[in-house]
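Quick look at coords_33.txt (compact mmCIF, C-alpha atoms and all ligand atoms):
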# COMPACT_ATOMS: atom_id res chain seq x y z
CA MET C 1 110.40 80.40 129.13
CA LYS C 2 108.21 82.19 131.65
CA VAL C 3 105.00 80.41 132.68
CA THR C 4 102.07 82.40 134.15
CA LYS C 5 98.84 80.76 135.30
CA ASN C 6 95.50 82.51 134.63
CA PRO C 7 96.98 85.89 133.64
CA SER C 8 94.77 88.92 133.11
CA LEU C 9 95.22 90.07 129.52
CA LYS C 10 94.05 93.65 130.12
CA ALA C 11 97.60 95.02 130.00
CA PHE C 12 98.39 92.86 126.95
CA ASN C 13 95.87 94.35 124.51
CA THR C 14 95.59 97.96 123.35
CA PHE C 15 91.76 97.88 123.56
CA ARG C 16 92.40 97.45 127.31
CA VAL C 17 89.55 94.95 127.60
CA GLU C 18 89.52 92.44 130.43
CA ALA C 19 90.16 88.83 129.40
CA SER C 20 92.17 85.95 130.76
CA ALA C 21 94.03 82.89 129.53
CA GLY C 22 94.37 79.46 131.11
CA LEU C 23 98.14 79.75 130.88
CA MET C 24 100.61 82.18 129.34
CA LEU C 25 103.96 80.99 127.99
CA THR C 26 106.34 83.89 127.40
CA LEU C 27 108.86 82.75 124.79
CA GLU C 28 112.20 84.52 125.16
CA THR C 29 114.59 82.38 123.11
CA GLU C 30 114.35 80.10 120.10
CA GLU C 31 115.26 77.17 122.36
CA ASP C 32 111.95 77.75 124.19
CA LEU C 33 110.17 76.50 121.07
CA LEU C 34 111.66 73.05 121.43
CA SER C 35 109.75 72.43 124.65
CA LEU C 36 106.39 73.89 123.59
CA PRO C 37 103.24 71.89 124.31
CA PRO C 38 101.12 71.06 121.23
CA PHE C 39 99.15 74.07 119.91
CA ASP C 40 95.37 73.59 119.75
CA PRO C 41 93.73 76.29 117.58
CA GLY C 42 90.42 75.50 119.28
CA LYS C 43 91.66 76.91 122.60
CA ASP C 44 95.18 78.40 122.23
CA PHE C 45 96.33 81.73 120.77
CA ILE C 46 99.54 83.49 119.68
CA LEU C 47 99.98 87.03 120.98
CA GLY C 48 102.45 89.75 120.09
CA GLY C 49 101.92 93.32 121.34
CA GLY C 50 98.12 92.93 121.39
CA SER C 51 97.53 96.01 119.18
CA ASN C 52 95.53 94.19 116.52
CA VAL C 53 93.32 91.86 118.55
CA LEU C 54 89.92 92.12 120.16
CA PHE C 55 89.42 89.65 123.00
CA ALA C 56 85.68 88.98 122.74
CA THR C 57 86.12 85.98 125.05
CA ASP C 58 88.82 84.56 127.30
CA VAL C 59 91.49 82.27 125.86
CA PRO C 60 90.56 78.91 127.42
CA GLY C 61 93.92 77.27 126.72
CA THR C 62 97.45 78.60 126.39
CA LEU C 63 98.59 81.98 125.18
CA PHE C 64 101.91 81.78 123.34
CA HIS C 65 103.39 85.22 123.95
CA ASN C 66 106.30 85.82 121.63
CA ARG C 67 109.05 88.04 123.11
CA ILE C 68 112.07 86.65 121.26
CA SER C 69 114.30 89.71 120.89
CA GLY C 70 117.44 90.72 118.97
CA ARG C 71 118.20 92.98 116.01
CA GLU C 72 121.24 92.95 113.81
CA ILE C 73 122.56 94.18 110.47
CA VAL C 74 123.45 90.81 108.96
CA LYS C 75 124.74 91.86 105.53
CA THR C 76 125.74 95.09 103.81
CA GLY C 77 125.97 95.71 100.06
CA ASP C 78 126.60 98.84 97.98
CA ASP C 79 122.95 99.92 97.90
CA HIS C 80 121.23 97.80 100.53
CA ALA C 81 121.70 96.36 103.99
CA TRP C 82 119.82 93.42 105.45
CA VAL C 83 118.45 93.59 108.99
CA GLU C 84 117.28 90.58 110.98
CA ALA C 85 114.88 91.29 113.87
CA GLY C 86 113.49 88.94 116.49
CA ALA C 87 109.69 88.67 116.54
CA GLY C 88 109.56 90.21 120.02
CA GLU C 89 111.27 93.47 119.03
CA ASN C 90 109.12 96.57 119.41
CA TRP C 91 108.32 97.67 115.86
CA HIS C 92 108.72 101.44 116.33
CA GLU C 93 112.00 101.05 118.23
CA LEU C 94 113.24 98.88 115.38
CA VAL C 95 112.27 101.58 112.85
CA ARG C 96 114.16 104.27 114.78
CA TRP C 97 117.18 101.98 115.26
CA THR C 98 117.43 101.37 111.49
CA LEU C 99 117.25 105.13 110.87
CA LYS C 100 120.02 105.74 113.43
CA ASN C 101 122.06 103.22 111.48
CA LYS C 102 121.48 105.33 108.34
CA LEU C 103 119.20 102.73 106.77
CA SER C 104 115.92 103.82 105.22
CA GLY C 105 112.73 102.15 104.04
CA LEU C 106 110.79 101.94 107.31
CA GLU C 107 110.38 105.68 108.05
CA ASN C 108 106.79 105.88 106.72
CA LEU C 109 105.88 102.98 109.04
CA SER C 110 106.98 104.84 112.19
CA LEU C 111 104.90 104.60 115.36
CA ILE C 112 102.82 101.60 114.30
CA PRO C 113 102.27 99.79 117.63
CA GLY C 114 103.12 96.15 118.14
CA LEU C 115 106.02 93.80 117.62
CA ALA C 116 108.14 92.94 114.59
CA GLY C 117 106.84 89.35 114.41
CA ALA C 118 103.30 90.53 113.72
CA ALA C 119 104.29 92.95 110.95
CA PRO C 120 103.97 90.34 108.15
CA ILE C 121 100.63 89.02 109.48
CA GLN C 122 98.65 91.84 107.95
CA ASN C 123 101.46 93.33 105.85
CA ILE C 124 101.42 96.50 107.93
CA GLY C 125 101.09 99.67 105.96
CA ALA C 126 100.84 103.41 106.42
CA TYR C 127 101.52 106.65 104.56
CA GLY C 128 101.87 105.00 101.16
CA VAL C 129 104.25 102.18 102.20
CA GLU C 130 103.67 98.52 103.09
CA LEU C 131 105.97 96.01 104.74
CA ALA C 132 105.94 94.13 101.40
CA THR C 133 108.30 96.74 99.93
CA VAL C 134 111.11 95.84 102.36
CA LEU C 135 110.41 92.32 103.64
CA GLU C 136 113.01 89.80 102.45
CA SER C 137 112.00 86.69 104.41
CA VAL C 138 110.26 85.33 107.50
CA THR C 139 111.44 82.55 109.79
CA ALA C 140 108.74 80.69 111.70
CA TRP C 141 108.14 77.64 113.83
CA ASP C 142 105.59 75.30 112.26
CA LEU C 143 103.23 74.49 115.14
CA VAL C 144 101.76 71.49 113.30
CA ARG C 145 105.02 69.77 112.30
CA SER C 146 107.26 71.18 115.07
CA THR C 147 109.93 72.25 112.58
CA TRP C 148 111.49 75.49 111.37
CA LYS C 149 110.20 76.97 108.16
CA MET C 150 111.60 79.85 106.11
CA PHE C 151 109.34 81.92 103.83
CA SER C 152 110.57 84.18 101.05
CA ARG C 153 108.58 87.38 100.53
CA GLU C 154 106.73 85.69 97.64
CA ASP C 155 105.80 82.73 99.88
CA CYS C 156 104.20 85.08 102.42
CA GLY C 157 101.25 85.94 100.14
CA LEU C 158 101.34 89.60 101.18
CA ALA C 159 98.38 91.69 100.06
CA TYR C 160 96.42 94.70 101.32
CA ARG C 161 96.33 94.15 105.15
CA ASP C 162 96.64 90.41 104.50
CA SER C 163 99.04 87.49 104.18
CA ARG C 164 99.02 83.69 104.19
CA PHE C 165 99.57 83.89 107.97
CA LYS C 166 96.33 85.86 108.45
CA ALA C 167 93.91 84.45 105.89
CA ALA C 168 95.04 81.12 104.48
CA GLU C 169 96.81 79.48 107.44
CA PRO C 170 96.10 81.38 110.66
CA ASP C 171 97.67 79.99 113.84
CA ARG C 172 99.87 77.50 112.02
CA TYR C 173 103.21 79.36 112.07
CA LEU C 174 104.73 81.14 115.03
CA ILE C 175 106.94 83.79 113.46
CA THR C 176 110.29 84.03 115.25
CA SER C 177 112.18 86.58 113.12
CA ILE C 178 111.91 88.72 110.02
CA ARG C 179 114.57 89.85 107.58
CA LEU C 180 114.32 93.26 105.91
CA ARG C 181 116.17 94.68 102.92
CA LEU C 182 116.74 98.38 103.57
CA ASP C 183 118.26 101.19 101.50
CA ARG C 184 121.64 102.72 102.20
CA HIS C 185 120.83 105.71 99.95
CA TYR C 186 117.59 107.41 100.92
CA LYS C 187 114.78 107.57 98.35
CA PRO C 188 111.86 109.52 99.83
CA GLN C 189 108.45 107.88 99.47
CA LEU C 190 106.08 110.82 99.51
CA GLU C 191 103.11 109.64 97.46
CA TYR C 192 100.78 110.24 100.44
CA ALA C 193 99.46 113.79 100.07
CA GLY C 194 99.05 114.42 103.83
CA LEU C 195 102.71 113.63 104.41
CA ARG C 196 103.87 116.00 101.64
CA GLU C 197 101.64 118.71 103.10
CA GLU C 198 103.08 118.22 106.60
CA LEU C 199 106.65 118.51 105.27
CA SER C 200 105.86 121.61 103.23
CA ARG C 201 104.14 123.16 106.29
CA LEU C 202 107.51 122.74 108.00
CA ASN C 203 109.34 124.17 104.94
CA ILE C 204 111.21 120.90 104.43
CA ARG C 205 111.86 120.46 100.70
CA HIS C 206 114.38 117.64 100.65
CA PRO C 207 113.59 115.63 103.77
CA THR C 208 115.93 113.12 105.36
CA ALA C 209 114.50 109.74 106.37
CA ILE C 210 114.50 110.88 110.02
CA GLU C 211 112.57 114.03 109.13
CA VAL C 212 109.96 111.90 107.35
CA SER C 213 109.76 109.59 110.36
CA ASP C 214 109.30 112.62 112.66
CA ALA C 215 106.57 114.00 110.38
CA VAL C 216 104.76 110.64 110.36
CA ILE C 217 104.96 110.51 114.17
CA ARG C 218 103.43 114.00 114.45
CA LEU C 219 100.64 113.18 111.98
CA ARG C 220 99.80 109.94 113.75
CA GLN C 221 99.80 111.57 117.19
CA HIS C 222 97.43 114.22 115.90
CA LYS C 223 95.10 111.84 114.05
CA LEU C 224 94.85 108.66 116.10
CA PRO C 225 93.71 108.28 119.70
CA ASP C 226 96.55 107.09 121.96
CA PRO C 227 95.78 103.56 123.25
CA ALA C 228 97.39 104.58 126.58
CA THR C 229 94.47 106.95 127.24
CA SER C 230 91.74 105.56 125.01
CA GLY C 231 91.82 101.83 124.23
CA ASN C 232 91.76 101.05 120.51
CA ALA C 233 93.34 98.89 117.80
CA GLY C 234 93.91 101.56 115.14
CA SER C 235 91.73 101.30 112.03
CA PHE C 236 89.13 98.66 112.77
CA PHE C 237 87.85 98.06 109.23
CA LYS C 238 89.63 97.42 105.96
CA ASN C 239 88.72 99.61 103.01
CA PRO C 240 86.45 97.41 100.88
CA VAL C 241 87.78 96.46 97.45
CA LEU C 242 85.06 95.96 94.81
CA LYS C 243 84.95 94.92 91.18
CA ARG C 244 84.85 97.86 88.76
CA ASP C 245 81.15 97.46 87.77
CA GLU C 246 80.03 97.12 91.41
CA SER C 247 81.96 100.23 92.46
CA GLU C 248 80.71 102.23 89.52
CA ALA C 249 77.12 101.42 90.48
CA LEU C 250 77.85 102.54 94.06
CA LEU C 251 79.70 105.67 92.94
CA ALA C 252 76.73 106.64 90.76
CA ARG C 253 74.62 106.68 93.94
CA PHE C 254 77.32 108.23 96.15
CA PRO C 255 79.55 110.38 93.89
CA GLU C 256 81.49 111.81 96.85
CA LEU C 257 82.61 108.40 98.12
CA PRO C 258 86.45 108.42 97.88
CA ALA C 259 87.67 105.65 95.55
CA TRP C 260 91.13 104.50 94.48
CA PRO C 261 91.57 102.34 91.36
CA LEU C 262 94.00 99.44 91.91
CA ASP C 263 96.39 97.89 89.38
CA ASP C 264 94.28 94.74 89.00
CA GLY C 265 91.22 96.73 87.84
CA THR C 266 89.37 96.58 91.17
CA ILE C 267 88.51 99.72 93.16
CA LYS C 268 89.24 100.42 96.81
CA LEU C 269 86.57 102.49 98.59
CA SER C 270 86.81 104.53 101.77
CA ALA C 271 85.32 102.65 104.73
CA ALA C 272 85.77 105.77 106.91
CA TRP C 273 83.58 107.83 104.55
CA MET C 274 80.87 105.15 104.58
CA ILE C 275 80.81 105.05 108.40
CA GLU C 276 80.77 108.84 108.64
CA HIS C 277 78.02 109.06 106.00
CA CYS C 278 75.88 106.74 108.17
CA GLY C 279 76.22 109.32 110.97
CA LEU C 280 78.23 106.96 113.16
CA LYS C 281 81.42 109.00 113.68
CA GLY C 282 81.58 109.79 117.40
CA TYR C 283 78.69 107.36 118.12
CA ARG C 284 78.84 105.77 121.56
CA THR C 285 76.97 103.01 123.33
CA GLY C 286 78.05 102.61 126.95
CA ASP C 287 81.85 102.68 126.95
CA ALA C 288 82.18 101.34 123.40
CA GLY C 289 82.30 104.01 120.72
CA ILE C 290 83.63 105.29 117.43
CA SER C 291 86.32 107.94 117.66
CA ASP C 292 85.15 111.48 116.91
CA ARG C 293 88.54 112.09 115.27
CA HIS C 294 88.64 109.09 112.95
CA ALA C 295 85.56 107.11 111.84
CA LEU C 296 87.58 103.91 111.36
CA VAL C 297 88.78 103.77 114.95
CA ILE C 298 86.66 102.01 117.57
CA VAL C 299 87.49 103.08 121.12
CA ASN C 300 87.04 101.73 124.59
CA HIS C 301 86.10 104.84 126.59
CA GLY C 302 86.70 103.05 129.90
CA SER C 303 85.36 99.70 130.86
CA ALA C 304 83.76 98.29 127.71
CA THR C 305 84.01 94.52 127.45
CA GLY C 306 85.26 92.77 124.33
CA GLY C 307 81.70 91.48 123.81
CA GLU C 308 80.29 95.04 123.93
CA ILE C 309 82.87 96.24 121.41
CA LEU C 310 82.02 93.28 119.17
CA GLN C 311 78.34 94.22 119.41
CA LEU C 312 79.24 97.74 118.21
CA VAL C 313 81.26 96.22 115.37
CA ARG C 314 78.18 94.25 114.26
CA THR C 315 76.02 97.41 114.45
CA ILE C 316 78.47 99.32 112.24
CA GLN C 317 78.67 96.44 109.76
CA SER C 318 74.90 96.10 109.46
CA THR C 319 74.28 99.86 109.20
CA VAL C 320 76.89 100.23 106.46
CA HIS C 321 75.55 97.13 104.72
CA ASP C 322 71.98 98.46 104.78
CA THR C 323 73.11 101.77 103.25
CA PHE C 324 75.78 100.68 100.77
CA GLY C 325 75.28 96.92 100.33
CA VAL C 326 78.91 96.44 101.39
CA MET C 327 80.02 94.22 104.32
CA LEU C 328 83.00 95.82 106.05
CA GLU C 329 85.74 93.40 107.05
CA PRO C 330 87.47 93.83 110.42
CA GLU C 331 91.23 94.42 110.30
CA PRO C 332 92.10 93.10 113.81
CA ARG C 333 91.83 89.48 114.82
CA ILE C 334 88.64 88.89 116.77
CA VAL C 335 89.41 86.31 119.43
CA ASP C 336 86.11 84.54 120.05
CA PHE C 337 86.35 81.04 121.47
CA SER C 338 82.57 80.83 121.89
CA ILE C 339 82.36 80.01 118.18
CA ASP C 340 82.85 76.33 117.37
CA LEU C 341 85.63 75.79 114.86
CA PRO C 342 84.84 73.55 111.87
CA THR C 343 86.24 70.06 112.42
C1 LIG C 401 96.86 103.21 117.55
C2 LIG C 401 97.09 102.11 116.54
C3 LIG C 401 97.49 102.44 115.25
C4 LIG C 401 97.72 101.42 114.30
N1 LIG C 401 98.13 101.79 113.05
C5 LIG C 401 98.37 100.83 112.12
C6 LIG C 401 98.81 101.20 110.81
O1 LIG C 401 99.02 102.36 110.50
N2 LIG C 401 99.02 100.21 109.91
C7 LIG C 401 98.83 98.89 110.22
O2 LIG C 401 99.04 98.06 109.35
N3 LIG C 401 98.42 98.52 111.45
C8 LIG C 401 98.18 99.46 112.41
N4 LIG C 401 97.75 99.10 113.66
C9 LIG C 401 97.52 97.67 113.96
C10 LIG C 401 98.71 96.97 114.64
O3 LIG C 401 99.55 97.89 115.27
C11 LIG C 401 99.54 96.15 113.65
O4 LIG C 401 98.73 95.23 112.98
C12 LIG C 401 100.66 95.38 114.36
O5 LIG C 401 101.50 94.76 113.41
C13 LIG C 401 100.15 94.33 115.35
O6 LIG C 401 101.27 93.89 116.09
P1 LIG C 401 101.11 93.16 117.48
O7 LIG C 401 102.45 92.67 117.87
O8 LIG C 401 100.45 94.06 118.46
O9 LIG C 401 100.18 91.94 117.09
P2 LIG C 401 98.99 91.27 117.95
O10 LIG C 401 97.89 92.25 118.05
O11 LIG C 401 99.52 90.69 119.20
O12 LIG C 401 98.56 90.10 116.97
C14 LIG C 401 97.94 90.36 115.74
C15 LIG C 401 97.78 89.04 115.00
O13 LIG C 401 99.06 88.51 114.68
C16 LIG C 401 99.25 87.23 115.28
N5 LIG C 401 100.65 87.20 115.74
C17 LIG C 401 101.27 88.10 116.52
N6 LIG C 401 102.57 87.79 116.66
C18 LIG C 401 102.77 86.64 115.97
C19 LIG C 401 103.90 85.81 115.73
N7 LIG C 401 105.11 86.08 116.25
N8 LIG C 401 103.73 84.69 114.98
C20 LIG C 401 102.53 84.39 114.43
N9 LIG C 401 101.42 85.14 114.62
C21 LIG C 401 101.54 86.26 115.38
C22 LIG C 401 98.23 87.13 116.40
O14 LIG C 401 97.85 85.79 116.63
C23 LIG C 401 97.08 87.96 115.82
O15 LIG C 401 96.31 87.16 114.95
C24 LIG C 401 97.53 100.07 114.65
C25 LIG C 401 97.13 99.75 115.96
C26 LIG C 401 96.92 100.75 116.89
C27 LIG C 401 96.52 100.39 118.30
Please lay out the structure from this file as structure tokens.
Amino acid sequence: MKVTKNPSLKAFNTFRVEASAGLMLTLETEEDLLSLPPFDPGKDFILGGGSNVLFATDVPGTLFHNRISGREIVKTGDDHAWVEAGAGENWHELVRWTLKNKLSGLENLSLIPGLAGAAPIQNIGAYGVELATVLESVTAWDLVRSTWKMFSREDCGLAYRDSRFKAAEPDRYLITSIRLRLDRHYKPQLEYAGLREELSRLNIRHPTAIEVSDAVIRLRQHKLPDPATSGNAGSFFKNPVLKRDESEALLARFPELPAWPLDDGTIKLSAAWMIEHCGLKGYRTGDAGISDRHALVIVNHGSATGGEILQLVRTIQSTVHDTFGVMLEPEPRIVDFSIDLPT
């Protein structure tokens, strides 16, 4: 285990905001867990690739930085193969490695930044696919009881950009590996219209999984600002999900608001459209701004602080709330140790 005192976290978060931690413990093997100090949610934090966090304050205590690596095909059947990946594996490299091994299921999730261990936290999703479709189980270290715990997919409580690890029991389990059930015979998942259009633009009628992955990479590179040049955490707000009668009332006032009915009778509405309708796309205050390419993406144009970005987040939330009566929920974890936790 590597121990670093007072590290700068600027290089460890894709918003590229300056923050520090009292101590950083870089976990490289499962044995490292056995000698961990107690985790205090009031001052400690677990970090993966830092692509879904906003450091609004420093981390006063210890940052548990999970870099436990390793990836392996652990079982092969007629139709499926099971892959086990350490939490510290780079997600996109894992996706490409599975494709090289002629296993499909992750291609639509290509180029999502971050590490494998964080993928279940918000049930990552893109281009019509969510982790939930392939996740078999999660192994984690229980930071309260100091024991191993295994979660089946059902135990993980996966939902739209959510899981038990994010909402119900944040900071309790340090995920050490995930197990995925992948397909040995490719079944394209092309429900997302933009992806079908990209493939037909390239005259690809019967795409391979690698061709779909390549198309997703091109679409993402075109659509999303690259954190290497413009700090960001991808989509900052979740699409709000409303009860049918509430959405119908809103849609009567804003008939052009994109809406997607869900299986449980609720309706998902486009947060990007709401932000754009409020005239905020491309809005900038100091170095904190909203991308002019994608209204859901908040960007650090240079030296914005986490606090300044959080201020912009609050402005967007209140403007959208005043116009639509809907409170947008942030997708990334806002790290703010200035707020007292309930005891
Ligand atoms: C340009 C860009 C595009 C993106 N596109 C998408 C997208 O299409 N779909 C999508 O779903 N997300 C997207 N994201 C968000 C992000 O990439 C994912 O949520 C990713 O899974 C976060 O991984 P991470 O390792 O960076 O997690 P971090 O940002 O380090 O952590 C995120 C949360 O998970 C917790 N955590 C991290 N690792 C562990 C662990 N091992 N055990 C327990 N808790 C842990 C942290 O405490 C934190 O609460 C995007 C981000 C960027 C910057």
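When CA of Glu30 in chain C is paired with CA of Ser146 in chain C, their separation reads 12.5 Å.
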Please build the interface table for range 5-45 of chain C against range 103-120 of chain C with a cut-off of 12 Å, listing for each qualifying residue the nearest atom pair and the distance in Å to one decimal; count only C-alpha atoms, order rows by chain and increasing number, and write it as a tab-separated table.
residue	atom	partner	partner_atom	distance
C:Phe12	CA	C:Gly114	CA	10.5
C:Asn13	CA	C:Gly114	CA	9.8
C:Thr14	CA	C:Pro113	CA	9.0
Expected file: the selected residues, C-alpha atoms, as a PDB file, in the coordinates of the input:
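Full text of again_36.pdb as output:
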ATOM      1  CA  PHE C  12      98.390  92.860 126.950  1.00  0.00           C
ATOM      2  CA  ASN C  13      95.870  94.350 124.510  1.00  0.00           C
ATOM      3  CA  THR C  14      95.590  97.960 123.350  1.00  0.00           C
TER       4      THR C  14
END
Handout entry: Lys102 in chain C environment, 9 Å, only C-alpha atoms, sequence neighbours closer than 4 positions dropped, as number ranges by chain
Key = C: 97-98, 183-186, 209
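In this model, the gap between atom C11 of ligand LIG 401 (chain C) and CA of Pro330 in chain C comes to 12.7 Å.
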Exercise for the section: Would you mind reading off the distance between atom O14 of ligand LIG 401 (chain C) and CA of Gly231 in chain C, one decimal, in Å? Expected result: 18.7 Å
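The nearest approach to Ser177 in chain C among the residues C:Leu257, C:Ala159, C:Leu199, C:Leu135, with only C-alpha atoms taken into account, belongs to C:Leu135.
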Given the point (107.5, 107.9, 96.2) in the file's coordinates, find the residues that have an atom at most 12 Å from it, counting all atoms listed in the file, and give them as a CSV table (one decimal) with C-alpha atoms, keeping the file's coordinate frame.
chain,number,residue,atom,x,y,z
C,105,GLY,CA,112.7,102.2,104.0
C,108,ASN,CA,106.8,105.9,106.7
C,127,TYR,CA,101.5,106.6,104.6
C,128,GLY,CA,101.9,105.0,101.2
C,129,VAL,CA,104.2,102.2,102.2
C,133,THR,CA,108.3,96.7,99.9
C,186,TYR,CA,117.6,107.4,100.9
C,187,LYS,CA,114.8,107.6,98.4
C,188,PRO,CA,111.9,109.5,99.8
C,189,GLN,CA,108.4,107.9,99.5
C,190,LEU,CA,106.1,110.8,99.5
C,191,GLU,CA,103.1,109.6,97.5
C,192,TYR,CA,100.8,110.2,100.4
C,193,ALA,CA,99.5,113.8,100.1
C,195,LEU,CA,102.7,113.6,104.4
C,196,ARG,CA,103.9,116.0,101.6
Adding 5 Å on each side of the box along x, y and z that holds all listed atoms of range 135-141 of chain C, could you give its centre and edge lengths in Å to one decimal, as AutoDock Vina command-line options?
--center_x 110.6 --center_y 85.0 --center_z 108.1 --size_x 14.9 --size_y 24.7 --size_z 21.4
